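Below: data-v2.cif (mmCIF, C-alpha atoms)
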```
data_target
loop_
_atom_site.label_atom_id
_atom_site.label_comp_id
_atom_site.auth_asym_id
_atom_site.auth_seq_id
_atom_site.Cartn_x
_atom_site.Cartn_y
_atom_site.Cartn_z
CA ALA A 1 69.23 100.58 188.05
CA PHE A 2 71.50 99.29 190.82
CA TYR A 3 72.65 102.73 191.88
CA THR A 4 69.71 105.01 191.13
CA LEU A 5 66.83 102.76 192.20
CA ASN A 6 68.74 100.83 194.89
CA LEU A 7 66.86 97.66 193.95
CA GLY A 8 69.91 95.40 194.11
CA PRO A 9 73.12 95.06 196.14
CA ALA A 10 75.24 97.57 194.25
CA PRO A 11 78.31 96.96 196.53
CA LEU A 12 78.68 93.63 194.75
CA LEU A 13 79.82 95.55 191.66
CA ASP A 14 82.93 96.67 193.54
CA ILE A 15 83.55 93.17 194.89
CA TRP A 16 83.37 91.60 191.45
CA GLY A 17 85.27 94.56 190.01
CA ALA A 18 88.19 93.66 192.28
CA LEU A 19 88.14 90.11 190.91
CA GLY A 20 87.89 91.49 187.37
CA PHE A 21 91.04 93.55 187.91
CA GLN A 22 92.93 90.55 189.24
CA THR A 23 91.77 88.46 186.29
CA VAL A 24 93.09 90.94 183.73
CA ALA A 25 96.31 91.54 185.70
CA THR A 26 96.94 87.79 185.79
CA ALA A 27 96.30 87.50 182.05
CA VAL A 28 98.85 90.28 181.47
CA ARG A 29 101.40 88.58 183.73
CA LEU A 30 100.95 85.21 182.00
CA GLY A 31 101.28 86.73 178.51
CA ILE A 32 97.77 85.88 177.30
CA PHE A 33 97.24 89.07 175.29
CA GLU A 34 100.75 88.93 173.84
CA ALA A 35 100.19 85.34 172.72
CA LEU A 36 96.86 86.25 171.08
CA LYS A 37 98.48 89.22 169.37
CA GLU A 38 99.73 86.85 166.70
CA GLY A 39 96.25 85.47 166.04
CA PRO A 40 93.41 83.43 167.61
CA GLY A 41 94.32 80.45 169.76
CA THR A 42 92.45 77.58 171.36
CA PRO A 43 92.68 77.08 175.12
CA ILE A 44 94.65 73.86 174.57
CA ALA A 45 97.15 75.52 172.24
CA LEU A 46 97.61 78.51 174.57
CA ALA A 47 97.98 76.27 177.59
CA LYS A 48 100.71 74.25 175.85
CA ARG A 49 102.53 77.35 174.65
CA LEU A 50 102.43 79.12 178.03
CA GLU A 51 102.80 75.96 180.15
CA LEU A 52 99.43 76.35 181.87
CA ASN A 53 96.49 74.12 182.75
CA PRO A 54 94.12 73.80 179.74
CA HIS A 55 90.92 73.83 181.81
CA GLY A 56 92.08 76.89 183.74
CA VAL A 57 93.05 78.71 180.56
CA LYS A 58 89.61 78.02 179.09
CA LEU A 59 87.93 79.48 182.19
CA LEU A 60 90.26 82.50 182.08
CA LEU A 61 89.56 83.20 178.39
CA GLU A 62 85.81 82.86 178.93
CA THR A 63 85.97 85.28 181.85
CA LEU A 64 88.05 87.74 179.85
CA ALA A 65 85.43 87.53 177.11
CA THR A 66 82.68 88.64 179.50
CA LEU A 67 84.94 91.51 180.59
CA GLY A 68 85.43 92.61 176.97
CA TYR A 69 89.08 91.59 176.49
CA THR A 70 88.74 88.42 174.39
CA LYS A 71 86.19 87.07 171.93
CA LEU A 72 85.35 83.56 170.77
CA GLN A 73 85.97 82.70 167.11
CA GLY A 74 84.86 79.14 166.53
CA GLU A 75 86.81 77.10 169.05
CA ALA A 76 89.57 79.71 169.39
CA PHE A 77 89.82 83.00 171.29
CA ALA A 78 91.17 86.30 169.97
CA ASN A 79 91.95 89.69 171.46
CA THR A 80 89.15 92.22 171.16
CA PRO A 81 90.02 95.56 169.54
CA MET A 82 90.22 97.04 173.07
CA ALA A 83 92.83 94.52 174.23
CA ALA A 84 94.78 94.86 170.99
CA LYS A 85 94.82 98.65 171.27
CA TRP A 86 95.77 98.99 174.93
CA LEU A 87 97.31 95.75 176.26
CA THR A 88 99.94 94.48 173.81
CA SER A 89 103.51 95.49 173.04
CA ASP A 90 102.35 96.59 169.58
CA ALA A 91 99.88 99.03 171.13
CA GLU A 92 100.45 102.74 170.58
CA ALA A 93 100.00 103.20 174.35
CA ASP A 94 100.59 99.88 176.13
CA PHE A 95 98.73 99.88 179.46
CA SER A 96 99.71 96.31 180.37
CA ASN A 97 102.44 97.75 182.62
CA TYR A 98 99.79 99.76 184.44
CA PHE A 99 98.10 96.49 185.44
CA THR A 100 101.46 95.04 186.45
CA PHE A 101 102.35 98.02 188.59
CA TRP A 102 98.98 98.26 190.32
CA GLU A 103 98.91 94.54 191.03
CA MET A 104 102.24 94.93 192.85
CA VAL A 105 101.10 98.02 194.77
CA ILE A 106 97.71 96.64 195.78
CA ASN A 107 99.14 93.30 196.93
CA ALA A 108 102.02 94.85 198.87
CA LEU A 109 100.73 98.18 200.19
CA TRP A 110 97.01 98.82 199.96
CA GLY A 111 96.14 96.38 202.74
CA ARG A 112 97.65 98.93 205.15
CA LEU A 113 95.26 101.77 204.31
CA ASP A 114 93.82 101.64 207.84
CA GLU A 115 97.27 102.58 209.22
CA SER A 116 97.35 105.76 207.14
CA LEU A 117 93.84 106.66 208.23
CA ARG A 118 94.73 106.18 211.91
CA THR A 119 98.07 108.00 211.91
CA GLY A 120 97.77 110.47 209.01
CA GLN A 121 101.13 109.20 207.75
CA ALA A 122 101.99 106.80 204.93
CA PRO A 123 103.25 103.53 206.47
CA VAL A 124 105.50 103.06 203.42
CA ASN A 125 106.54 105.80 201.03
CA LEU A 126 105.68 104.61 197.52
CA TYR A 127 108.66 106.23 195.80
CA GLU A 128 111.17 104.90 198.34
CA TRP A 129 109.60 101.45 198.05
CA ILE A 130 109.83 101.57 194.25
CA GLU A 131 113.51 102.53 194.39
CA SER A 132 114.32 99.27 196.17
CA GLN A 133 112.55 97.15 193.54
CA PRO A 134 113.89 97.43 189.97
CA GLU A 135 111.04 95.40 188.44
CA THR A 136 108.38 97.55 190.10
CA SER A 137 110.22 100.72 189.10
CA ALA A 138 110.42 99.59 185.47
CA ALA A 139 106.70 98.73 185.43
CA PHE A 140 105.87 102.10 187.01
CA GLN A 141 107.93 104.08 184.50
CA ARG A 142 106.46 102.18 181.55
CA ALA A 143 102.96 102.73 182.95
CA MET A 144 103.69 106.47 183.15
CA ILE A 145 104.93 106.34 179.54
CA ALA A 146 101.56 104.90 178.45
CA ILE A 147 99.72 107.75 180.18
CA ALA A 148 102.15 110.36 178.86
CA HIS A 149 101.65 108.99 175.36
CA LEU A 150 98.02 110.10 175.49
CA ILE A 151 98.78 113.76 176.16
CA LYS A 152 102.41 114.45 175.21
CA ALA A 153 101.58 115.83 171.76
CA GLU A 154 98.89 118.16 173.12
CA THR A 155 101.21 119.24 175.93
CA ALA A 156 104.14 120.01 173.61
CA HIS A 157 101.81 121.89 171.24
CA LYS A 158 100.37 124.12 173.96
CA LEU A 159 103.79 125.20 175.27
CA LYS A 160 104.35 127.58 172.36
CA PHE A 161 106.42 130.03 174.41
CA LEU A 162 109.24 127.45 174.54
CA ALA A 163 110.13 128.46 170.98
CA GLY A 164 112.58 131.01 172.42
CA ALA A 165 113.94 128.82 175.23
CA LYS A 166 117.40 127.25 175.12
CA ARG A 167 117.67 125.12 178.30
CA LEU A 168 114.99 122.90 179.82
CA LEU A 169 115.03 120.97 183.12
CA ASP A 170 112.59 118.10 183.65
CA VAL A 171 112.36 117.45 187.39
CA GLY A 172 111.17 113.95 188.30
CA GLY A 173 110.52 113.15 184.64
CA GLY A 174 112.46 109.88 184.74
CA HIS A 175 110.95 108.14 181.74
CA GLY A 176 111.64 111.17 179.52
CA GLU A 177 108.49 110.89 177.39
CA TYR A 178 107.49 114.54 177.80
CA THR A 179 111.02 115.88 177.37
CA VAL A 180 111.51 113.90 174.17
CA ALA A 181 108.21 115.18 172.75
CA ILE A 182 109.03 118.80 173.67
CA CYS A 183 112.58 118.59 172.27
CA GLU A 184 111.23 117.14 169.02
CA LYS A 185 108.81 120.10 168.82
CA HIS A 186 111.52 122.66 169.67
CA PRO A 187 114.83 121.66 168.01
CA GLN A 188 116.79 124.49 169.67
CA LEU A 189 116.27 123.06 173.17
CA GLN A 190 118.89 121.32 175.27
CA ALA A 191 117.35 119.40 178.19
CA VAL A 192 118.31 117.72 181.46
CA LEU A 193 116.33 114.91 183.11
CA PHE A 194 116.67 115.10 186.91
CA ASP A 195 115.46 112.03 188.83
CA SER A 196 116.52 109.03 190.90
CA PRO A 197 118.92 106.46 189.40
CA GLN A 198 116.22 103.80 189.16
CA ALA A 199 113.78 106.11 187.35
CA LEU A 200 116.45 107.34 184.94
CA ALA A 201 117.27 103.77 183.89
CA THR A 202 114.06 103.80 181.85
CA GLY A 203 114.71 107.36 180.68
CA ARG A 204 118.14 106.50 179.31
CA GLU A 205 116.64 103.72 177.21
CA HIS A 206 113.87 105.96 175.89
CA VAL A 207 116.15 108.88 175.04
CA ALA A 208 118.60 106.56 173.28
CA ALA A 209 115.75 105.10 171.20
CA SER A 210 114.61 108.61 170.25
CA GLY A 211 118.04 109.58 168.91
CA LEU A 212 118.25 112.66 171.15
CA THR A 213 121.22 111.69 173.32
CA SER A 214 123.17 114.73 172.10
CA ARG A 215 120.46 117.09 173.39
CA ILE A 216 119.10 115.35 176.50
CA THR A 217 121.41 114.59 179.43
CA PHE A 218 120.79 113.10 182.88
CA GLN A 219 121.26 114.23 186.46
CA GLU A 220 120.82 111.69 189.24
CA GLY A 221 119.69 112.96 192.62
CA SER A 222 116.87 113.97 194.94
CA PHE A 223 115.04 117.12 193.94
CA LEU A 224 113.70 117.48 197.51
CA SER A 225 117.08 117.52 199.24
CA GLU A 226 119.28 119.01 196.49
CA GLU A 227 119.32 122.24 194.50
CA LEU A 228 118.22 122.02 190.87
CA GLY A 229 121.09 123.91 189.26
CA GLN A 230 121.02 127.24 187.42
CA GLY A 231 120.57 128.85 184.03
CA TYR A 232 117.35 127.21 182.86
CA ASP A 233 114.68 128.90 180.75
CA ALA A 234 111.95 126.43 181.69
CA ILE A 235 111.45 123.78 184.37
CA LEU A 236 108.92 120.95 184.15
CA LEU A 237 107.25 119.63 187.30
CA PHE A 238 104.98 117.03 185.73
CA ASN A 239 102.88 114.79 188.00
CA ILE A 240 105.09 115.60 190.98
CA ILE A 241 103.38 117.81 193.52
CA HIS A 242 100.52 115.44 194.38
CA GLY A 243 103.10 113.43 196.35
CA PHE A 244 103.97 116.27 198.76
CA ASP A 245 102.33 118.70 201.16
CA GLY A 246 101.95 122.45 200.74
CA ALA A 247 105.18 123.38 202.53
CA GLN A 248 107.23 120.91 200.48
CA ASN A 249 105.69 122.13 197.23
CA THR A 250 106.34 125.77 198.09
CA ASP A 251 109.98 124.92 198.85
CA LEU A 252 110.24 123.03 195.55
CA PHE A 253 108.81 126.03 193.68
CA ARG A 254 111.41 128.27 195.37
CA LYS A 255 114.16 125.92 194.20
CA ALA A 256 112.76 126.12 190.69
CA LYS A 257 112.78 129.93 190.86
CA ARG A 258 116.44 129.93 191.91
CA ALA A 259 117.30 127.66 188.99
CA LEU A 260 115.53 129.79 186.36
CA ASN A 261 116.89 132.64 184.29
CA PRO A 262 115.05 135.99 184.55
CA GLY A 263 111.76 135.55 182.70
CA GLY A 264 112.01 131.77 182.93
CA ARG A 265 108.92 129.68 183.67
CA VAL A 266 107.96 126.74 185.79
CA ILE A 267 105.43 124.42 184.13
CA ILE A 268 103.32 122.11 186.29
CA LEU A 269 101.19 119.25 184.96
CA GLU A 270 98.66 117.88 187.44
CA GLN A 271 95.24 116.41 188.02
CA LEU A 272 93.14 119.05 189.76
CA ASN A 273 90.63 118.69 192.56
CA GLU A 274 87.45 119.96 190.96
CA LYS A 275 84.10 118.57 189.95
CA LEU A 276 83.85 117.19 186.41
CA PRO A 277 80.74 116.31 184.39
CA SER A 278 81.75 112.62 184.24
CA GLN A 279 81.13 110.47 187.33
CA ALA A 280 83.88 108.11 186.19
CA TYR A 281 86.49 110.90 186.16
CA ASN A 282 85.27 112.18 189.54
CA THR A 283 85.61 108.70 191.01
CA ILE A 284 89.09 108.22 189.57
CA GLY A 285 90.14 111.60 190.97
CA LYS A 286 88.99 110.70 194.49
CA LEU A 287 90.62 107.25 194.32
CA LEU A 288 93.88 108.87 193.20
CA SER A 289 93.72 111.43 195.99
CA LEU A 290 93.18 108.71 198.60
CA ASN A 291 96.03 106.74 197.04
CA TYR A 292 98.40 109.73 197.25
CA PHE A 293 97.41 110.30 200.89
CA HIS A 294 97.95 106.63 201.77
CA LEU A 295 101.22 106.09 199.92
CA LEU A 296 102.84 109.55 199.72
CA ASN A 297 101.26 111.85 202.36
CA GLY A 298 99.94 113.93 199.45
CA ARG A 299 96.65 114.35 197.59
CA VAL A 300 95.07 115.88 194.48
CA TYR A 301 95.19 119.67 194.89
CA SER A 302 93.04 122.47 193.50
CA TYR A 303 94.25 125.08 191.05
CA LYS A 304 93.75 127.73 193.75
CA GLU A 305 96.11 125.91 196.13
CA ILE A 306 98.82 125.45 193.50
CA ALA A 307 98.56 129.09 192.35
CA HIS A 308 98.87 130.22 195.97
CA TRP A 309 102.08 128.22 196.49
CA LEU A 310 103.52 129.63 193.26
CA LYS A 311 102.82 133.19 194.43
CA GLU A 312 104.36 132.40 197.83
CA ALA A 313 107.50 131.18 196.01
CA GLY A 314 107.74 134.42 194.01
CA PHE A 315 106.14 133.52 190.68
CA SER A 316 103.74 135.81 188.84
CA ASN A 317 101.61 135.85 185.65
CA ILE A 318 100.22 132.47 186.66
CA GLN A 319 98.06 130.85 184.01
CA ARG A 320 96.20 127.62 183.49
CA ILE A 321 95.88 125.63 180.26
CA ASN A 322 93.39 122.75 180.33
CA LEU A 323 94.23 119.49 178.56
CA LEU A 324 91.40 118.13 176.45
CA LYS A 325 92.72 114.57 176.16
CA VAL A 326 92.43 113.91 179.90
CA PRO A 327 89.69 115.98 181.58
CA GLY A 328 90.66 117.35 184.97
CA ASN A 329 94.35 117.66 184.03
CA ALA A 330 95.92 121.03 183.34
CA LEU A 331 99.20 122.84 182.76
CA ILE A 332 99.84 125.57 185.33
CA ILE A 333 102.56 128.06 184.40
CA GLY A 334 104.32 130.67 186.52
CA ALA A 335 106.88 133.24 185.34
#
```

In structure tokens, how does this file's structure come out?
Amino acid sequence: AFYTLNLGPAPLLDIWGALGFQTVATAVRLGIFEALKEGPGTPIALAKRLELNPHGVKLLLETLATLGYTKLQGEAFANTPMAAKWLTSDAEADFSNYFTFWEMVINALWGRLDESLRTGQAPVNLYEWIESQPETSAAFQRAMIAIAHLIKAETAHKLKFLAGAKRLLDVGGGHGEYTVAICEKHPQLQAVLFDSPQALATGREHVAASGLTSRITFQEGSFLSEELGQGYDAILLFNIIHGFDGAQNTDLFRKAKRALNPGGRVIILEQLNEKLPSQAYNTIGKLLSLNYFHLLNGRVYSYKEIAHWLKEAGFSNIQRINLLKVPGNALIIGA
């Protein structure tokens, strides 16, 4: 009714939405959902356990209840199924780190959006900024793990041609979630994770936990300024190219071509700039594109643009495989 009939001040939804985000991010930072993971708790008990003000905790829990994250059970509050599924360390895909990361980014960088819009250049490069902050980098990598967890099985399943591959290079895949899933699907593969030292800190932990240290090794460096090596049958460029412009992406694709064996393939995973049937997904896509412009001098690209750069770099037989788990995301493969 707000949007279609214009009978009320719909912009207020975005104002209160900003406060809603900060409320949940604060609850994550204070450990509210983790504390409730063990069972319902009263505001007084939670306040004592977490060393907080009881009245403030009561207001926070009541607000979280209206947002759908907690529910009242007698005099105690409990996590809702949504909070339990997505915002605790027991969750299959823990998105609490996504709140942590975005709280850091919004507080530190998003207030300078007007500078990007005036100059056309990011005032601070997000990746360089992350490299100087270990806590932010760890939160970012864990947030990416949560997202990867949603689609890694589908991704590994749809890359059937890797059954004959022997060597895989994952460029910028610091956390290692996709490489681990693909190596588990294809036991003949040996893989290399190529990323910055800070990003690979998370990847080393994840690979060690997976028991694949004998098959997955690490290469620290900058894939923009350095060559990628040689002798690979497949190269992953997952969620990379939205951070660069067309010329940089074409150069990166040329590097990938030089690193591949004859018949080898580059595999790109990206959100694509195209209209989707869901307004929510369309909105997220535009917000992401503006974010990439502001923080990385990039944006969300179309399939046509990416295919053009691949052809310019010397790839052929370009194909697209849509991912059902996350509409608007696709694998783009060039041989």

Taking the file as shown, find all residues satisfying the PyMOL selection byres ((chain A and resi 186) around 10) and write them as a ChimeraX atom specification.
-> /A:156-157,159-160,162-166,180-185,187-190

Give as a PyMOL selection string each residue that has an atom at most 12 Å from (95.2, 94.7, 174.3) in the file, counting only C-alpha atoms.
-> chain A and resi 24-25+27-28+31-38+64+68-70+78-97+99

Within 8 Å of segment 112-123 of chain A, which residues of segment 194-312 of chain A come that close, and what is the closest atom pair and distance in Å for each? Count all atoms listed in the file and give it as a Markdown table.
```
| residue | atom | partner | partner_atom | distance |
| --- | --- | --- | --- | --- |
| A:Phe293 | CA | A:Ala122 | CA | 7.0 |
| A:His294 | CA | A:Ala122 | CA | 5.1 |
| A:Leu295 | CA | A:Ala122 | CA | 5.1 |
| A:Leu296 | CA | A:Ala122 | CA | 6.0 |
| A:Asn297 | CA | A:Ala122 | CA | 5.7 |
```

Closest of A:Gly334, A:Gly8, A:Gly172, A:Gly314 to Asp195 of chain A, counting all atoms listed in the file, is A:Gly172

For Leu228 of chain A, find every residue with an atom within 8 Å (counting only C-alpha atoms), except residues of its own chain fewer than 2 positions away, and show them as a compact mmCIF listing (two decimals) with C-alpha atoms, in the coordinates of the input.
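Result file result26.txt:
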```
# COMPACT_ATOMS: atom_id res chain seq x y z
CA PHE A 223 115.04 117.12 193.94
CA GLU A 226 119.28 119.01 196.49
CA GLN A 230 121.02 127.24 187.42
CA LYS A 255 114.16 125.92 194.20
CA ALA A 256 112.76 126.12 190.69
CA ALA A 259 117.30 127.66 188.99
```

Written as a ChimeraX atom specification, which residues does the PyMOL selection byres ((chain A and resi 202) around 10) give for the file shown?
-> /A:137-142,145,174-176,197-201,203-207

Take the residues from that selection and write them out as a PDB file, keeping the file's coordinate frame, keeping C-alpha atoms.
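Output file out-v7.pdb is given in full below:
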```pdb
ATOM      1  CA  SER A 137     110.220 100.720 189.100  1.00  0.00           C
ATOM      2  CA  ALA A 138     110.420  99.590 185.470  1.00  0.00           C
ATOM      3  CA  ALA A 139     106.700  98.730 185.430  1.00  0.00           C
ATOM      4  CA  PHE A 140     105.870 102.100 187.010  1.00  0.00           C
ATOM      5  CA  GLN A 141     107.930 104.080 184.500  1.00  0.00           C
ATOM      6  CA  ARG A 142     106.460 102.180 181.550  1.00  0.00           C
ATOM      7  CA  ILE A 145     104.930 106.340 179.540  1.00  0.00           C
ATOM      8  CA  GLY A 174     112.460 109.880 184.740  1.00  0.00           C
ATOM      9  CA  HIS A 175     110.950 108.140 181.740  1.00  0.00           C
ATOM     10  CA  GLY A 176     111.640 111.170 179.520  1.00  0.00           C
ATOM     11  CA  PRO A 197     118.920 106.460 189.400  1.00  0.00           C
ATOM     12  CA  GLN A 198     116.220 103.800 189.160  1.00  0.00           C
ATOM     13  CA  ALA A 199     113.780 106.110 187.350  1.00  0.00           C
ATOM     14  CA  LEU A 200     116.450 107.340 184.940  1.00  0.00           C
ATOM     15  CA  ALA A 201     117.270 103.770 183.890  1.00  0.00           C
ATOM     16  CA  GLY A 203     114.710 107.360 180.680  1.00  0.00           C
ATOM     17  CA  ARG A 204     118.140 106.500 179.310  1.00  0.00           C
ATOM     18  CA  GLU A 205     116.640 103.720 177.210  1.00  0.00           C
ATOM     19  CA  HIS A 206     113.870 105.960 175.890  1.00  0.00           C
ATOM     20  CA  VAL A 207     116.150 108.880 175.040  1.00  0.00           C
TER      21      VAL A 207
END
```

Provide the atom CA of Ile332 of chain A to atom CA of Gln319 of chain A distance in Å, to one decimal place.
->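 Atom CA of Gln319 of chain A lies at a distance of 5.7 Å from atom CA of Ile332 of chain A.
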
Rank nothing, just name the residue among A:Ile268, A:Gly328, A:Ala307, A:Ile151 nearest to Lys286 of chain A, using all atoms listed in the file.
->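 Of all the options, A:Gly328 lies closest to Lys286 of chain A.
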
With the file shown as input, list the residues that the PyMOL selection byres ((chain A and resi 240) around 9) selects, as number ranges by chain.
-> A: 171-173, 237-239, 241-244, 268-270

Using C-alpha atoms, can you write the selected residues to a file as a compact mmCIF listing (two decimals), in the frame of the given file?
```
# COMPACT_ATOMS: atom_id res chain seq x y z
CA VAL A 171 112.36 117.45 187.39
CA GLY A 172 111.17 113.95 188.30
CA GLY A 173 110.52 113.15 184.64
CA LEU A 237 107.25 119.63 187.30
CA PHE A 238 104.98 117.03 185.73
CA ASN A 239 102.88 114.79 188.00
CA ILE A 241 103.38 117.81 193.52
CA HIS A 242 100.52 115.44 194.38
CA GLY A 243 103.10 113.43 196.35
CA PHE A 244 103.97 116.27 198.76
CA ILE A 268 103.32 122.11 186.29
CA LEU A 269 101.19 119.25 184.96
CA GLU A 270 98.66 117.88 187.44
```

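Residue nearest Ser196 of chain A within the list A:Thr179, A:His149, A:Gly211, A:Glu131: A:Glu131 [criterion: smallest interatomic distance, all atoms listed in the file].
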
One decimal, Å: what's the distance from atom CA of Leu30 of chain A over to atom CA of Val57 of chain A, could you say?
->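 Between atom CA of Leu30 of chain A and atom CA of Val57 of chain A the gap is 10.3 Å.
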
For segment 42-48 of chain A, work out the shell of residues within 6 Å, counting all atoms listed in the file and skipping chain neighbours fewer than 3 positions away, then give it as a PyMOL selection string.
-> chain A and resi 51-54+57-58+76

Would you work out the distance separating atom CA of Ala313 of chain A from atom CA of Arg254 of chain A, expressed in Å to one decimal?
->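 A separation of 4.9 Å between them.
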